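S.K.: Dropping in final-v1.cif, with mmCIF, C-alpha atoms.
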data_upload
loop_
_atom_site.label_atom_id
_atom_site.label_comp_id
_atom_site.auth_asym_id
_atom_site.auth_seq_id
_atom_site.Cartn_x
_atom_site.Cartn_y
_atom_site.Cartn_z
CA THR S 111 15.08 52.80 135.32
CA THR S 112 14.84 50.02 132.86
CA THR S 113 13.01 50.64 129.61
CA THR S 114 11.82 47.56 127.82
CA THR S 115 11.09 47.99 124.13
CA LYS S 116 8.60 45.45 122.81
CA PRO S 117 9.39 44.14 119.38
CA LYS S 118 7.24 45.47 116.65
CA ALA S 119 4.62 43.22 115.23
CA THR S 120 5.75 41.57 112.02
CA THR S 121 3.32 41.62 109.19
CA THR S 122 3.80 38.86 106.64
CA THR S 123 2.19 39.37 103.27
CA THR S 124 1.72 36.21 101.26
CA THR S 125 1.16 36.79 97.55
CA LYS S 126 -0.82 34.03 96.02
CA PRO S 127 0.32 33.12 92.54
CA LYS S 128 -1.94 34.38 89.85
CA ALA S 129 -4.17 31.90 88.21
CA THR S 130 -2.71 30.64 84.98
CA THR S 131 -5.07 30.40 82.09
CA THR S 132 -4.08 27.83 79.46
CA THR S 133 -5.71 28.15 76.07
CA THR S 134 -5.65 25.02 73.97
CA THR S 135 -6.23 25.56 70.30
CA LYS S 136 -7.70 22.57 68.63
CA PRO S 137 -6.33 21.93 65.17
CA LYS S 138 -8.69 22.98 62.42
CA ALA S 139 -10.56 20.28 60.70
CA THR S 140 -8.88 19.27 57.46
CA THR S 141 -11.12 19.01 54.45
CA THR S 142 -9.83 16.68 51.71
CA THR S 143 -11.36 17.15 48.29
CA THR S 144 -10.92 14.25 45.90
CA THR S 145 -11.38 15.13 42.26
CA LYS S 146 -12.45 12.21 40.21
CA PRO S 147 -10.76 11.99 36.80
CA LYS S 148 -12.95 13.07 33.98
CA ALA S 149 -14.37 10.37 31.84
CA THR S 150 -12.20 9.74 28.81
CA THR S 151 -13.97 9.48 25.49
CA THR S 152 -12.09 7.51 22.85
CA THR S 153 -13.08 8.24 19.30
CA THR S 154 -12.00 5.71 16.72
CA THR S 155 -11.77 7.17 13.27
CA LYS S 156 -12.03 4.69 10.46
CA PRO S 157 -9.54 5.24 7.66
CA LYS S 158 -11.02 7.20 4.81
CA ALA S 159 -11.19 5.86 1.32
CA THR S 160 -8.26 6.58 -0.94
CA THR S 161 -9.70 9.85 -2.21
CA THR S 162 -7.53 12.86 -1.39
CA THR S 163 -7.62 16.57 -2.10
CA THR S 164 -3.90 17.24 -1.94
CA THR S 165 -1.80 17.79 -5.01
CA SER S 166 0.90 15.60 -6.41
CA GLY S 167 3.17 15.45 -9.42
CA GLY S 168 1.77 14.29 -12.71
CA GLY S 169 -0.82 16.77 -13.90
CA GLY S 170 -3.41 17.92 -11.42
CA PRO S 171 -5.04 17.19 -8.08
CA THR S 172 -5.02 13.66 -6.80
CA GLY S 173 -8.24 11.72 -6.86
CA ALA S 174 -9.50 8.24 -6.18
CA GLN S 175 -6.95 5.52 -6.65
CA PHE S 176 -7.22 1.76 -6.30
CA THR S 177 -4.46 -0.75 -5.53
CA VAL S 178 -5.09 -3.70 -7.82
CA ILE S 179 -1.93 -5.67 -6.99
CA LYS S 180 0.31 -5.62 -3.94
CA THR S 181 2.37 -8.78 -3.77
CA THR S 182 5.73 -9.94 -2.45
CA ASN S 183 8.25 -12.61 -3.39
CA GLN S 184 6.45 -13.69 -6.55
CA SER S 185 8.48 -15.88 -8.88
CA ASN S 186 8.22 -18.13 -11.88
CA THR S 187 9.56 -21.67 -11.95
CA GLY S 188 9.28 -24.55 -14.38
CA ARG S 189 9.56 -24.83 -18.16
CA SER S 190 6.16 -23.26 -18.78
CA GLN S 191 6.48 -20.33 -16.43
CA GLY S 192 7.33 -17.31 -18.54
CA TRP S 193 5.11 -15.23 -16.30
CA ILE S 194 4.26 -14.33 -12.70
CA GLN S 195 0.64 -14.72 -11.62
CA PRO S 196 -0.34 -12.93 -8.39
CA SER S 197 -3.72 -12.52 -6.74
CA PHE S 198 -5.41 -9.16 -7.25
CA SER S 199 -8.17 -6.88 -5.96
CA TRP S 200 -11.02 -5.10 -7.74
CA PRO S 201 -13.36 -2.21 -6.82
CA SER S 202 -16.42 -3.18 -4.80
CA SER S 203 -18.60 -1.81 -7.61
CA GLY S 204 -17.21 -4.57 -9.82
CA SER S 205 -16.24 -2.03 -12.48
CA MET S 206 -13.22 0.03 -13.47
CA VAL S 207 -15.50 2.20 -15.63
CA GLY S 208 -17.90 3.63 -13.04
CA PRO S 209 -18.81 5.18 -10.73
CA THR S 210 -15.08 6.03 -10.74
CA ASN S 211 -13.48 5.96 -14.16
CA TYR S 212 -10.19 4.13 -13.67
CA ALA S 213 -10.24 2.53 -17.12
CA GLN S 214 -9.48 5.87 -18.78
CA GLY S 215 -7.08 6.92 -16.03
CA THR S 216 -3.43 6.07 -15.44
CA VAL S 217 -1.68 2.99 -14.08
CA TYR S 218 1.37 3.40 -11.82
CA ILE S 219 3.55 0.47 -10.78
CA ARG S 220 6.44 -0.08 -8.40
CA VAL S 221 8.46 -3.21 -9.17
CA HIS S 222 11.27 -4.48 -6.96
CA VAL S 223 13.24 -7.10 -8.89
CA LYS S 224 14.85 -9.08 -6.07
CA GLN S 225 16.39 -11.94 -8.02
CA LYS S 226 17.43 -12.33 -11.66
CA PRO S 227 20.02 -14.98 -12.62
CA THR S 228 21.47 -13.22 -15.69
CA ASN S 229 21.71 -9.73 -17.15
CA ILE S 230 19.76 -10.54 -20.31
CA LEU S 231 17.32 -7.79 -21.29
CA MET S 232 13.70 -8.60 -20.43
CA ALA S 233 10.45 -6.82 -21.14
CA GLY S 234 7.75 -6.96 -18.48
CA GLN S 235 4.17 -6.75 -19.73
CA PHE S 236 1.12 -6.52 -17.45
CA CYS S 237 -1.95 -8.40 -18.67
CA PHE S 238 -5.51 -9.38 -17.65
CA TRP S 239 -7.72 -12.21 -18.96
CA PHE S 240 -11.26 -13.48 -19.00
CA GLN S 241 -11.44 -17.29 -19.27
CA TYR S 242 -14.80 -18.45 -20.52
CA ASN S 243 -14.42 -22.19 -19.95
CA GLY S 244 -11.87 -22.31 -17.14
CA ASN S 245 -8.85 -22.30 -19.40
CA PHE S 246 -7.36 -20.31 -22.23
CA SER S 247 -9.10 -22.04 -25.15
CA GLU S 248 -11.72 -19.26 -25.10
CA TYR S 249 -10.65 -15.98 -23.64
CA GLU S 250 -10.29 -12.23 -23.81
CA GLU S 251 -6.96 -10.60 -23.08
CA THR S 252 -5.53 -7.12 -22.65
CA CYS S 253 -1.92 -6.06 -22.01
CA SER S 254 0.08 -2.91 -21.29
CA PRO S 255 2.65 -1.74 -23.89
CA GLN S 256 5.74 -3.96 -24.02
CA THR S 257 8.05 -0.94 -24.13
CA ASP S 258 7.07 0.49 -20.73
CA PHE S 259 9.10 -1.88 -18.55
CA ARG S 260 12.50 -3.22 -19.58
CA PHE S 261 15.19 -4.38 -17.20
CA THR S 262 18.47 -6.26 -17.06
CA SER S 263 19.20 -6.47 -13.34
CA THR S 264 17.80 -6.40 -9.85
CA GLY S 265 16.61 -3.08 -8.42
CA VAL S 266 13.53 -0.93 -7.88
CA TYR S 267 11.66 0.36 -10.94
CA TYR S 268 8.86 2.97 -11.03
CA LEU S 269 6.53 2.83 -14.01
CA LYS S 270 3.84 5.10 -15.38
CA ILE S 271 2.10 3.10 -18.08
CA SER S 272 1.99 5.12 -21.29
CA ARG S 273 -1.59 4.23 -22.23
CA SER S 274 -4.79 4.25 -20.21
CA PRO S 275 -6.09 0.71 -19.59
CA SER S 276 -9.02 1.30 -21.95
CA ALA S 277 -6.47 1.88 -24.73
CA TRP S 278 -4.30 -1.19 -24.08
CA TRP S 279 -3.87 -3.83 -26.74
CA SER S 280 -6.60 -6.44 -26.50
CA GLN S 281 -7.59 -9.71 -28.06
CA ASN S 282 -11.04 -11.22 -28.21
CA GLY S 283 -10.81 -14.65 -29.75
CA SER S 284 -9.01 -14.16 -33.07
CA LYS S 285 -9.59 -10.39 -33.13
CA ASN S 286 -6.60 -8.23 -32.24
CA ARG S 287 -7.34 -4.60 -31.56
CA PHE S 288 -6.89 -1.79 -29.07
CA GLY S 289 -9.46 -0.73 -26.50
CA ASP S 290 -11.78 -3.74 -26.77
CA PHE S 291 -11.49 -5.16 -23.26
CA ASN S 292 -14.46 -5.09 -20.88
CA TRP S 293 -13.21 -3.16 -17.85
CA ALA S 294 -16.75 -3.00 -16.45
CA LYS S 295 -16.36 -6.44 -14.83
CA ARG S 296 -13.66 -8.26 -12.88
CA PRO S 297 -11.23 -10.37 -14.96
CA HIS S 298 -10.30 -13.89 -13.93
CA VAL S 299 -6.51 -13.73 -14.14
CA THR S 300 -3.68 -11.20 -14.15
CA ARG S 301 -0.05 -11.91 -15.05
CA LEU S 302 3.27 -10.18 -15.42
CA LEU S 303 4.67 -11.65 -18.64
CA LEU S 304 8.46 -11.89 -18.99
CA LYS S 305 9.38 -11.48 -22.64
CA ASP S 306 12.29 -11.19 -24.98
CA PRO S 307 11.94 -7.61 -26.32
CA VAL S 308 13.55 -8.60 -29.63
CA SER S 309 11.27 -11.51 -30.59
CA THR S 310 8.44 -10.68 -28.10
CA SER S 311 8.42 -14.37 -27.12
CA LEU S 312 8.00 -15.58 -23.54
CA PHE S 313 10.88 -16.80 -21.42
CA ALA S 314 9.32 -20.27 -21.35
CA GLU S 315 9.84 -23.63 -23.07
CA ALA S 316 6.42 -25.28 -22.81
CA SER S 317 2.69 -24.54 -22.88
CA CYS S 318 3.18 -21.43 -24.98
CA GLY S 319 3.31 -22.74 -28.58
CA SER S 320 4.86 -20.31 -31.03
CA THR S 321 5.33 -17.71 -28.29
CA CYS S 322 7.97 -19.80 -26.47
CA TRP S 323 11.50 -18.47 -26.44
CA SER S 324 13.69 -20.03 -29.14
CA ARG S 325 17.02 -18.28 -28.64
CA GLY S 326 18.50 -20.78 -26.19
CA ASN S 327 17.60 -22.26 -22.84
CA ALA S 328 14.98 -20.03 -21.22
CA LEU S 329 15.52 -21.69 -17.84
CA ASP S 330 19.03 -20.21 -17.68
CA HIS S 331 17.38 -16.85 -17.04
CA LEU S 332 14.79 -17.97 -14.47
CA PRO S 333 13.46 -17.67 -11.86
CA VAL S 334 12.84 -13.94 -11.60
CA VAL S 335 11.62 -12.92 -8.13
CA VAL S 336 9.73 -9.66 -7.64
CA ASP S 337 7.62 -7.57 -5.29
CA TYR S 338 5.23 -5.29 -7.13
CA GLU S 339 2.38 -2.90 -6.52
CA MET S 340 -0.03 -1.69 -9.20
CA ILE S 341 -2.29 1.34 -8.64
CA PHE S 342 -5.07 2.56 -10.94
CA VAL S 343 -5.73 6.32 -10.68
CA GLU S 344 -8.99 7.82 -11.93
CA LYS S 345 -9.19 9.75 -15.18
CA GLY S 346 -7.70 13.24 -15.10
CA LYS S 347 -6.10 12.85 -11.66
CA SER S 348 -2.62 12.25 -10.30
CA LEU S 349 -1.04 9.67 -8.05
CA LYS S 350 -0.76 10.06 -4.28
CA ALA S 351 2.29 7.84 -3.90
CA PRO S 352 2.33 5.33 -1.01
CA SER S 353 4.83 6.05 1.75
CA ASN S 354 7.03 3.11 0.75
CA TRP S 355 7.50 4.46 -2.80
CA ASN S 356 10.72 6.20 -1.83
CA GLY S 357 12.39 8.01 -4.70
CA ASN S 358 9.46 7.75 -7.09
CA PRO S 359 9.38 10.45 -9.83
CA TRP S 360 5.92 11.78 -8.90
CA GLY S 361 6.52 13.01 -5.36
#
What is this structure when it is put down as structure tokens?

M.R.:
Amino acid sequence: TTTTTKPKATTTTTTKPKATTTTTTKPKATTTTTTKPKATTTTTTKPKATTTTTTSGGGGPTGAQFTVIKTTNQSNTGRSQGWIQPSFSWPSSGSMVGPTNYAQGTVYIRVHVKQKPTNILMAGQFCFWFQYNGNFSEYEETCSPQTDFRFTSTGVYYLKISRSPSAWWSQNGSKNRFGDFNWAKRPHVTRLLLKDPVSTSLFAEASCGSTCWSRGNALDHLPVVVDYEMIFVEKGKSLKAPSNWNGNPWG
């Protein structure tokens, strides 16, 4: 007997791959914020007048002060030049008496003697004039004390004039007196006179009459070359020294 075994049916299971889900994330939108620079406001401050409220050496708070002379490389040449004649400034009010009283105040001066040919002693005297006819035939004059500035050599000198301008020596025509100059109006001329302190004569040989130097050749001692700055400070106040007045006695 032959037994035939039929092969079993084969079942094939096919597994389909699962669906793949792909998620695409879009980049977020980028927000750019631009900040404009703030507007810049420029404030220009005009320099204040020369009135201060700080204190300085010399006897009290500083007050108004006025630079009458600030000049450089001034010299005297020629037989008649026993003086130095710079340009000068004056208050806008036209007066040294008011509204600010400089005439009864104090005068401070910085002198830099840059050239002096010899070591002879000289006296420097600071003067102002009115000329009534364009020359010195009719005039008024006032000068600082001759003893306040004496020098023999080059160097820097700081001066505090010993009298208020209103008390300086003055001359009106033939009248010699103190305190008779009109500081309420602008003078015509200012000069630094260079004198012999012994005879009080000018270091000049012409155009000065009896005031010319007679002790030798005046030209041997000239020219004298200077820078100088003159400041009037109001009555009862002290100097606020300029920044270039290094080493001055008043701080």

S.K.: Rank nothing, just name the residue among S:Thr310, S:Ser202, S:Asn243, S:Ser272 nearest to Pro255 (chain S), using all atoms listed in the file.

M.R.: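 Nearest to Pro255 (chain S): S:Ser272.
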
S.K.: Excluding region 325-332 of chain S and its own-chain neighbours fewer than 6 positions away, which residues fall within 9 Å of it when counting only C-alpha atoms? Please give them as a VMD selection string.

M.R.: chain S and resid 185 to 189 191 to 192 225 to 230 312 to 315

S.K.: Would you put the residues from that selection into a file with C-alpha atoms, as a PDB file, in the frame of the given file?

M.R.:
ATOM      1  CA  SER S 185       8.480 -15.880  -8.880  1.00  0.00           C
ATOM      2  CA  ASN S 186       8.220 -18.130 -11.880  1.00  0.00           C
ATOM      3  CA  THR S 187       9.560 -21.670 -11.950  1.00  0.00           C
ATOM      4  CA  GLY S 188       9.280 -24.550 -14.380  1.00  0.00           C
ATOM      5  CA  ARG S 189       9.560 -24.830 -18.160  1.00  0.00           C
ATOM      6  CA  GLN S 191       6.480 -20.330 -16.430  1.00  0.00           C
ATOM      7  CA  GLY S 192       7.330 -17.310 -18.540  1.00  0.00           C
ATOM      8  CA  GLN S 225      16.390 -11.940  -8.020  1.00  0.00           C
ATOM      9  CA  LYS S 226      17.430 -12.330 -11.660  1.00  0.00           C
ATOM     10  CA  PRO S 227      20.020 -14.980 -12.620  1.00  0.00           C
ATOM     11  CA  THR S 228      21.470 -13.220 -15.690  1.00  0.00           C
ATOM     12  CA  ASN S 229      21.710  -9.730 -17.150  1.00  0.00           C
ATOM     13  CA  ILE S 230      19.760 -10.540 -20.310  1.00  0.00           C
ATOM     14  CA  LEU S 312       8.000 -15.580 -23.540  1.00  0.00           C
ATOM     15  CA  PHE S 313      10.880 -16.800 -21.420  1.00  0.00           C
ATOM     16  CA  ALA S 314       9.320 -20.270 -21.350  1.00  0.00           C
ATOM     17  CA  GLU S 315       9.840 -23.630 -23.070  1.00  0.00           C
TER      18      GLU S 315
END

S.K.: Selection in question (the file shown): the PyMOL selection byres ((chain S and resi 220) around 8). Which residues does it include, as a list in words?

M.R.: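 Selected by the PyMOL selection byres ((chain S and resi 220) around 8) here: Tyr218, Ile219, Val221, His222, Val266, Tyr267, Tyr268, Leu269, Tyr338, Glu339, Met340 and Trp355 of chain S.
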
S.K.: Find the distance between CA of His298 (chain S) and CA of Met232 (chain S) and write it in Å to one decimal.

M.R.: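 Distance between the two atoms: 25.4 Å.
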
S.K.: Go ahead and compute the interatomic distance for CA of Ile341 (chain S) and CA of Ser203 (chain S), in Å to one decimal.

M.R.: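 Computed distance, CA of Ile341 (chain S) to CA of Ser203 (chain S), equals 16.6 Å.
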
S.K.: Taking only C-alpha atoms into account, which of S:Asn211, S:Gln281, S:Ser276, S:Pro307 comes nearest Leu231 (chain S)?

M.R.: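 For Leu231 (chain S), the nearest of the given residues is S:Pro307.
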
S.K.: Enter the distance from CA of Gly215 (chain S) to CA of Gln184 (chain S), in Å, rounded to one decimal.

M.R.: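 Interatomic distance, CA of Gly215 (chain S) to CA of Gln184 (chain S): 26.4 Å.
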
S.K.: Please enclose the listed atoms of region 292-305 of chain S in an axis-aligned box, pad each side by 6 Å, and write out the centre and the three edge lengths in Å, rounded to one decimal, as AutoDock Vina command-line options.

M.R.:
--center_x -3.7 --center_y -8.4 --center_z -17.8 --size_x 38.1 --size_y 22.9 --size_z 21.8

S.K.: I need the residue set behind the PyMOL selection byres ((chain S and resi 212) around 12) for this file; please write it as a ChimeraX atom specification.

M.R.: /S:173-178,200-201,203-211,213-218,274-277,293-294,341-348

S.K.: Point out the residue among S:Cys253, S:Val299, S:Val336, S:Val223 with the least atom-to-atom distance to Ser197 (chain S), counting all atoms listed in the file.

M.R.: S:Val299
